[in-house]
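Student: Next up is a structure, given as structure tokens.
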Amino acid sequence: MSVTTRPELSVGENITRLIPYCPGKPIEEVKRELGLTEVVKLASNENALGPSPRALEAMREAISRVHHYPDGSCHDLRAAVAAHLGVPDDHLIFGNGSDDIIHLLGVTFLRPGDEVIQADVTFTRYEAAAILNEAHCHRVPVRDWTHDLEAMADRLNERTRLVFIANPNNPTGTMVTAAQVRAFLRRVPERALVVFDEAYYEYVDRDDYPQTLEYVREGRNVIVLRTFSKIYGLAGLRIGYGIARPEIVSFLDQVREPFNTNLVAQAAGAAALDDAEHVRRTREMNAAGRKRFYEAFDALGLSYAPTEANFVWVDVGRDSRAVFQALLQRGVIVRTGDIFGAETCLRVTIGTAHENEKFLGALKEALTDSGF
Ligand SMILES: Cc1ncc(COP(=O)(O)O)c(C=O)c1O
């Protein structure tokens, strides 16, 4: 009998510190596990109206061409996004979701010992990029669930390389204003690159929201991230992009995989951009759902952060994991705050009117019936 010896494999200490991303629970898994027929998922800030019909049509056409490699330069999508935003096409970098660009930013710009600044709480992939590249990540506590840009500016120094500002923030839905961003940028040293992650940009309807593309046009060390995963309803395709001056884009281009966005996603993205009606309907649904959530949370005496996005961060005042389980039993999947270090908070995506009512009914039952 032969004995197989296992050769020893070791990885860097930084790799052992990476925590795998914890995605929202899939609907089918919950149905199977709990024997439920109807399950609603309000856990991943997806668009409950689904993909844009125009994008669906473009996808159907594109699948007949998938024996070909995609256009690595994203020519057609690039032209569509450039026209949509009014920026030159050499100001764009595309990725397999904006996650891919966050990863690329880390690999491209961070060296061991560099520093990264982010809020605490915020999107978890920024810290992962820092850890992977052996940079130190400063987590600056949010104030009133909002990025505290003054405190973040106090952490800037000559070693700061990347600053991540999710605006609106995930998981809190809050935003920083144009005036706050302007004041912050005055304090940023030359060597640092500021990343405005605007995954929920299309949901915002506040006049004081910063127009960060102006900083890109001024040639500053700024990159703006946007995605087709949220309002455009294409999360499953994985396509997002960054807008920055050409020098920054070409560094990222040197590092990215040659075919880091797929052919179907490129076609769908370009078509979705044209679908103003789908965006309008989604915004309308979201505004109505947000109002309904606020009323219901007020009636239940729960505090929440004011949201500019398609989800609400609500403090349920008790262990959110227990509330999560009680909601799950009733066929509703949300996100617990513990993964963000906020034990009593839940993040719930705003869905269709039907999904919202199912969630609110289940929440009321969970908070009143289960003896918490
Ligand atoms: C703030 C923020 N940035 C980036 C992402 C990643 O989006 P994508 O699907 O484009 O990778 C998300 C997704 O939830 C997000 O909330």
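Letters A, B, ... go to the chains of the structure tokens in the order shown; residues in each chain start at 1; ligands are counted from 1 in the same order.
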Identify, on the basis of only C-alpha atoms, every residue whose closest approach to Arg283 (chain A) does not exceed 9 Å; exclude the query and any residue fewer than 4 positions from it along the same chain; express the result as a list in words.
Tutor: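 Returned residues: Glu202, Tyr203, Val204, Ile231, His278, Val279, Ala287, Ala288 and Asn310 of chain A.
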Student: If the limit is 7 Å from any atom of ligand 1, counting only C-alpha atoms and all ligand atoms, which residues qualify? Return them as an MDAnalysis selection string.
Tutor: chainID A and resid 44:45 96:100 123 166 169:170 197:199 227:229 235 238:240
Student: Could the residues in this selection be saved with N, CA, C and O atoms as an mmCIF file, in the first residue's frame?
Tutor:
data_model
loop_
_atom_site.group_PDB
_atom_site.id
_atom_site.type_symbol
_atom_site.label_atom_id
_atom_site.label_comp_id
_atom_site.auth_asym_id
_atom_site.auth_seq_id
_atom_site.Cartn_x
_atom_site.Cartn_y
_atom_site.Cartn_z
ATOM 1 N N SER A 44 -29.293 41.461 -0.076
ATOM 2 C CA SER A 44 -28.092 41.783 -0.863
ATOM 3 C C SER A 44 -28.228 43.051 -1.695
ATOM 4 O O SER A 44 -27.453 43.265 -2.630
ATOM 5 N N ASN A 45 -29.220 43.880 -1.350
ATOM 6 C CA ASN A 45 -29.400 45.179 -2.021
ATOM 7 C C ASN A 45 -29.518 45.053 -3.532
ATOM 8 O O ASN A 45 -28.991 45.866 -4.291
ATOM 9 N N ASN A 96 -15.103 42.900 -13.132
ATOM 10 C CA ASN A 96 -16.048 41.825 -12.838
ATOM 11 C C ASN A 96 -16.798 42.208 -11.560
ATOM 12 O O ASN A 96 -16.554 41.691 -10.477
ATOM 13 N N GLY A 97 -17.679 43.192 -11.702
ATOM 14 C CA GLY A 97 -18.279 43.850 -10.539
ATOM 15 C C GLY A 97 -17.323 44.928 -10.042
ATOM 16 O O GLY A 97 -16.118 44.899 -10.378
ATOM 17 N N SER A 98 -17.840 45.876 -9.241
ATOM 18 C CA SER A 98 -16.906 46.875 -8.698
ATOM 19 C C SER A 98 -15.996 46.235 -7.653
ATOM 20 O O SER A 98 -14.909 46.749 -7.370
ATOM 21 N N ASP A 99 -16.404 45.084 -7.117
ATOM 22 C CA ASP A 99 -15.512 44.295 -6.243
ATOM 23 C C ASP A 99 -14.142 44.082 -6.899
ATOM 24 O O ASP A 99 -13.101 44.163 -6.248
ATOM 25 N N ASP A 100 -14.189 43.771 -8.193
ATOM 26 C CA ASP A 100 -12.957 43.482 -8.943
ATOM 27 C C ASP A 100 -12.067 44.730 -8.954
ATOM 28 O O ASP A 100 -10.838 44.635 -8.831
ATOM 29 N N PHE A 123 -18.291 48.885 3.823
ATOM 30 C CA PHE A 123 -18.232 47.693 2.969
ATOM 31 C C PHE A 123 -16.946 46.911 3.281
ATOM 32 O O PHE A 123 -15.861 47.500 3.360
ATOM 33 N N ALA A 166 -17.463 55.080 0.899
ATOM 34 C CA ALA A 166 -18.658 54.519 0.258
ATOM 35 C C ALA A 166 -19.764 55.550 0.434
ATOM 36 O O ALA A 166 -20.134 55.885 1.556
ATOM 37 N N ASN A 169 -23.122 54.964 2.062
ATOM 38 C CA ASN A 169 -22.370 53.900 2.733
ATOM 39 C C ASN A 169 -23.177 52.606 2.789
ATOM 40 O O ASN A 169 -24.397 52.630 2.903
ATOM 41 N N ASN A 170 -22.481 51.497 2.713
ATOM 42 C CA ASN A 170 -23.060 50.185 2.981
ATOM 43 C C ASN A 170 -22.371 49.696 4.259
ATOM 44 O O ASN A 170 -21.140 49.677 4.278
ATOM 45 N N ASP A 197 -16.800 55.200 -3.648
ATOM 46 C CA ASP A 197 -17.549 54.029 -4.087
ATOM 47 C C ASP A 197 -19.025 54.411 -4.130
ATOM 48 O O ASP A 197 -19.680 54.536 -3.099
ATOM 49 N N GLU A 198 -19.514 54.611 -5.358
ATOM 50 C CA GLU A 198 -20.887 55.105 -5.537
ATOM 51 C C GLU A 198 -21.786 54.011 -6.120
ATOM 52 O O GLU A 198 -22.508 54.220 -7.101
ATOM 53 N N ALA A 199 -21.758 52.851 -5.491
ATOM 54 C CA ALA A 199 -22.545 51.711 -5.968
ATOM 55 C C ALA A 199 -24.046 52.039 -6.002
ATOM 56 O O ALA A 199 -24.796 51.485 -6.809
ATOM 57 N N THR A 227 -21.594 50.725 -10.457
ATOM 58 C CA THR A 227 -21.860 49.315 -10.758
ATOM 59 C C THR A 227 -23.182 49.125 -11.480
ATOM 60 O O THR A 227 -24.091 49.951 -11.359
ATOM 61 N N PHE A 228 -23.275 48.021 -12.225
ATOM 62 C CA PHE A 228 -24.544 47.622 -12.841
ATOM 63 C C PHE A 228 -25.312 46.647 -11.945
ATOM 64 O O PHE A 228 -26.352 46.139 -12.330
ATOM 65 N N SER A 229 -24.766 46.369 -10.745
ATOM 66 C CA SER A 229 -25.375 45.348 -9.879
ATOM 67 C C SER A 229 -26.594 45.852 -9.119
ATOM 68 O O SER A 229 -27.385 45.057 -8.636
ATOM 69 N N ALA A 235 -26.740 42.143 -10.961
ATOM 70 C CA ALA A 235 -25.741 41.655 -9.986
ATOM 71 C C ALA A 235 -25.150 40.306 -10.397
ATOM 72 O O ALA A 235 -23.959 40.055 -10.225
ATOM 73 N N ARG A 238 -22.098 40.399 -12.998
ATOM 74 C CA ARG A 238 -20.824 40.925 -12.508
ATOM 75 C C ARG A 238 -20.221 41.934 -13.479
ATOM 76 O O ARG A 238 -19.387 41.604 -14.320
ATOM 77 N N ILE A 239 -20.666 43.151 -13.370
ATOM 78 C CA ILE A 239 -20.038 44.209 -14.172
ATOM 79 C C ILE A 239 -20.128 45.550 -13.446
ATOM 80 O O ILE A 239 -21.196 45.950 -12.995
ATOM 81 N N GLY A 240 -18.976 46.173 -13.294
ATOM 82 C CA GLY A 240 -18.908 47.483 -12.653
ATOM 83 C C GLY A 240 -17.787 48.267 -13.309
ATOM 84 O O GLY A 240 -17.068 47.736 -14.175
#
Student: Write out as a PyMOL selection string which residues come within 7 Å of region 336-349 of chain A when counting only C-alpha atoms, dropping same-chain ones fewer than 6 positions away.
Tutor: chain A and resi 42-45+121+171+310-321+324
Student: Could you tell me which of A:Arg65, A:Tyr21, A:Ala183, A:Asp205 comes closest to Arg280 (chain A) if we count only C-alpha atoms?
Tutor: A:Asp205
Student: Go through A:Gly233, A:Gly242, A:Gly269, A:Pro189 and flag the residue nearest Ile93 (chain A), using only C-alpha atoms for the distances.
Tutor: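 Selected residue with least distance to Ile93 (chain A): A:Gly242.
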Student: Find the distance between CA of Glu277 (chain A) and CA of Thr212 (chain A) and write it in Å to one decimal.
Tutor: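 Going from CA of Glu277 (chain A) over to CA of Thr212 (chain A), I get 24.8 Å.
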Student: If we count only C-alpha atoms, what is near region 350-360 of chain A at a cut-off of 8 Å, once residues fewer than 2 positions away on the same chain are taken out, given as a list in words?
Tutor: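 The neighbour list is Val40, Leu42, Asn45, Asn47, Ala48, Leu49, Met285, Asn286, Gly289, Arg290, Phe293, Ala296, Asn310, Phe311, Val312, Leu327, Val332, Val348, Ala362, Leu363 and Lys364 of chain A.
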Student: Those same residues - N, CA, C and O atoms - I'd like them written as an mmCIF file, in the first residue's frame.
Tutor:
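Final output, saved to part-v3.cif:
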data_model
loop_
_atom_site.group_PDB
_atom_site.id
_atom_site.type_symbol
_atom_site.label_atom_id
_atom_site.label_comp_id
_atom_site.auth_asym_id
_atom_site.auth_seq_id
_atom_site.Cartn_x
_atom_site.Cartn_y
_atom_site.Cartn_z
ATOM 1 N N VAL A 40 -38.652 35.536 0.651
ATOM 2 C CA VAL A 40 -38.180 36.763 0.006
ATOM 3 C C VAL A 40 -36.796 37.097 0.534
ATOM 4 O O VAL A 40 -36.515 36.930 1.723
ATOM 5 N N LEU A 42 -34.206 39.933 1.102
ATOM 6 C CA LEU A 42 -33.956 41.373 1.198
ATOM 7 C C LEU A 42 -32.581 41.541 1.855
ATOM 8 O O LEU A 42 -32.423 42.270 2.834
ATOM 9 N N ASN A 45 -29.220 43.880 -1.350
ATOM 10 C CA ASN A 45 -29.400 45.179 -2.021
ATOM 11 C C ASN A 45 -29.518 45.053 -3.532
ATOM 12 O O ASN A 45 -28.991 45.866 -4.291
ATOM 13 N N ASN A 47 -31.962 44.643 -7.074
ATOM 14 C CA ASN A 47 -33.159 45.337 -7.550
ATOM 15 C C ASN A 47 -34.307 44.342 -7.630
ATOM 16 O O ASN A 47 -34.289 43.417 -8.449
ATOM 17 N N ALA A 48 -35.330 44.554 -6.796
ATOM 18 C CA ALA A 48 -36.445 43.606 -6.728
ATOM 19 C C ALA A 48 -37.271 43.602 -8.011
ATOM 20 O O ALA A 48 -38.036 42.668 -8.246
ATOM 21 N N LEU A 49 -37.129 44.622 -8.855
ATOM 22 C CA LEU A 49 -37.867 44.622 -10.132
ATOM 23 C C LEU A 49 -37.171 43.774 -11.185
ATOM 24 O O LEU A 49 -37.698 43.593 -12.278
ATOM 25 N N MET A 285 -40.267 52.900 -6.857
ATOM 26 C CA MET A 285 -40.567 51.791 -5.937
ATOM 27 C C MET A 285 -39.758 51.954 -4.649
ATOM 28 O O MET A 285 -40.259 51.753 -3.538
ATOM 29 N N ASN A 286 -38.510 52.362 -4.816
ATOM 30 C CA ASN A 286 -37.624 52.480 -3.661
ATOM 31 C C ASN A 286 -38.074 53.600 -2.717
ATOM 32 O O ASN A 286 -38.090 53.429 -1.500
ATOM 33 N N GLY A 289 -41.107 52.433 -0.819
ATOM 34 C CA GLY A 289 -40.732 51.420 0.174
ATOM 35 C C GLY A 289 -40.005 52.035 1.358
ATOM 36 O O GLY A 289 -40.230 51.652 2.517
ATOM 37 N N ARG A 290 -39.151 53.005 1.072
ATOM 38 C CA ARG A 290 -38.405 53.672 2.152
ATOM 39 C C ARG A 290 -39.377 54.375 3.103
ATOM 40 O O ARG A 290 -39.261 54.260 4.321
ATOM 41 N N PHE A 293 -41.111 51.788 5.217
ATOM 42 C CA PHE A 293 -40.232 51.251 6.261
ATOM 43 C C PHE A 293 -40.106 52.247 7.416
ATOM 44 O O PHE A 293 -40.201 51.870 8.589
ATOM 45 N N ALA A 296 -43.231 52.237 9.508
ATOM 46 C CA ALA A 296 -43.367 51.005 10.295
ATOM 47 C C ALA A 296 -42.341 50.966 11.435
ATOM 48 O O ALA A 296 -42.665 50.560 12.560
ATOM 49 N N ASN A 310 -30.883 51.736 -1.415
ATOM 50 C CA ASN A 310 -32.046 50.835 -1.517
ATOM 51 C C ASN A 310 -32.085 49.832 -0.363
ATOM 52 O O ASN A 310 -32.479 48.688 -0.542
ATOM 53 N N PHE A 311 -31.650 50.277 0.806
ATOM 54 C CA PHE A 311 -31.699 49.431 2.000
ATOM 55 C C PHE A 311 -31.735 50.332 3.223
ATOM 56 O O PHE A 311 -31.414 51.528 3.123
ATOM 57 N N VAL A 312 -32.174 49.744 4.343
ATOM 58 C CA VAL A 312 -32.250 50.524 5.585
ATOM 59 C C VAL A 312 -31.511 49.765 6.687
ATOM 60 O O VAL A 312 -31.603 48.535 6.789
ATOM 61 N N LEU A 327 -36.987 35.843 11.551
ATOM 62 C CA LEU A 327 -37.455 36.293 10.232
ATOM 63 C C LEU A 327 -37.307 35.169 9.204
ATOM 64 O O LEU A 327 -38.190 34.949 8.367
ATOM 65 N N VAL A 332 -38.238 35.265 5.418
ATOM 66 C CA VAL A 332 -37.629 36.539 5.011
ATOM 67 C C VAL A 332 -36.133 36.519 5.346
ATOM 68 O O VAL A 332 -35.753 36.267 6.490
ATOM 69 N N VAL A 348 -31.745 45.795 5.861
ATOM 70 C CA VAL A 348 -32.808 45.204 5.049
ATOM 71 C C VAL A 348 -32.941 45.968 3.738
ATOM 72 O O VAL A 348 -33.010 47.202 3.727
ATOM 73 N N ALA A 362 -43.496 40.002 9.360
ATOM 74 C CA ALA A 362 -42.635 39.027 10.039
ATOM 75 C C ALA A 362 -41.850 39.704 11.165
ATOM 76 O O ALA A 362 -41.678 39.133 12.248
ATOM 77 N N LEU A 363 -41.410 40.933 10.921
ATOM 78 C CA LEU A 363 -40.625 41.638 11.946
ATOM 79 C C LEU A 363 -41.489 41.917 13.174
ATOM 80 O O LEU A 363 -41.064 41.698 14.318
ATOM 81 N N LYS A 364 -42.707 42.359 12.911
ATOM 82 C CA LYS A 364 -43.618 42.666 14.018
ATOM 83 C C LYS A 364 -43.857 41.413 14.868
ATOM 84 O O LYS A 364 -43.759 41.444 16.089
#
Student: Could you list, as a PyMOL selection string, every residue within 9 Å of Pro112 (chain A), counting only C-alpha atoms and ignoring same-chain residues fewer than 4 positions away?
Tutor: chain A and resi 133-136
Student: Determine, counting only C-alpha atoms, which protein, DNA and RNA residues have an atom within 9 Å of an atom of Thr108 (chain A); residues of the same chain fewer than 3 positions away are not included. Present the result as an MDAnalysis selection string.
Tutor: chainID A and resid 103:105 111 251:252 254:255
Student: Restricting the calculation to only C-alpha atoms: of A:Val264, A:Leu85, A:Ala130, A:Ala276, which residue gets closest to Arg217 (chain A)?
Tutor: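 Residue with the minimum atom-to-atom distance to Arg217 (chain A): A:Leu85.
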Student: CA of Arg32 (chain A) to CA of Pro20 (chain A): how many Å, to one decimal?
Tutor: 24.0 Å
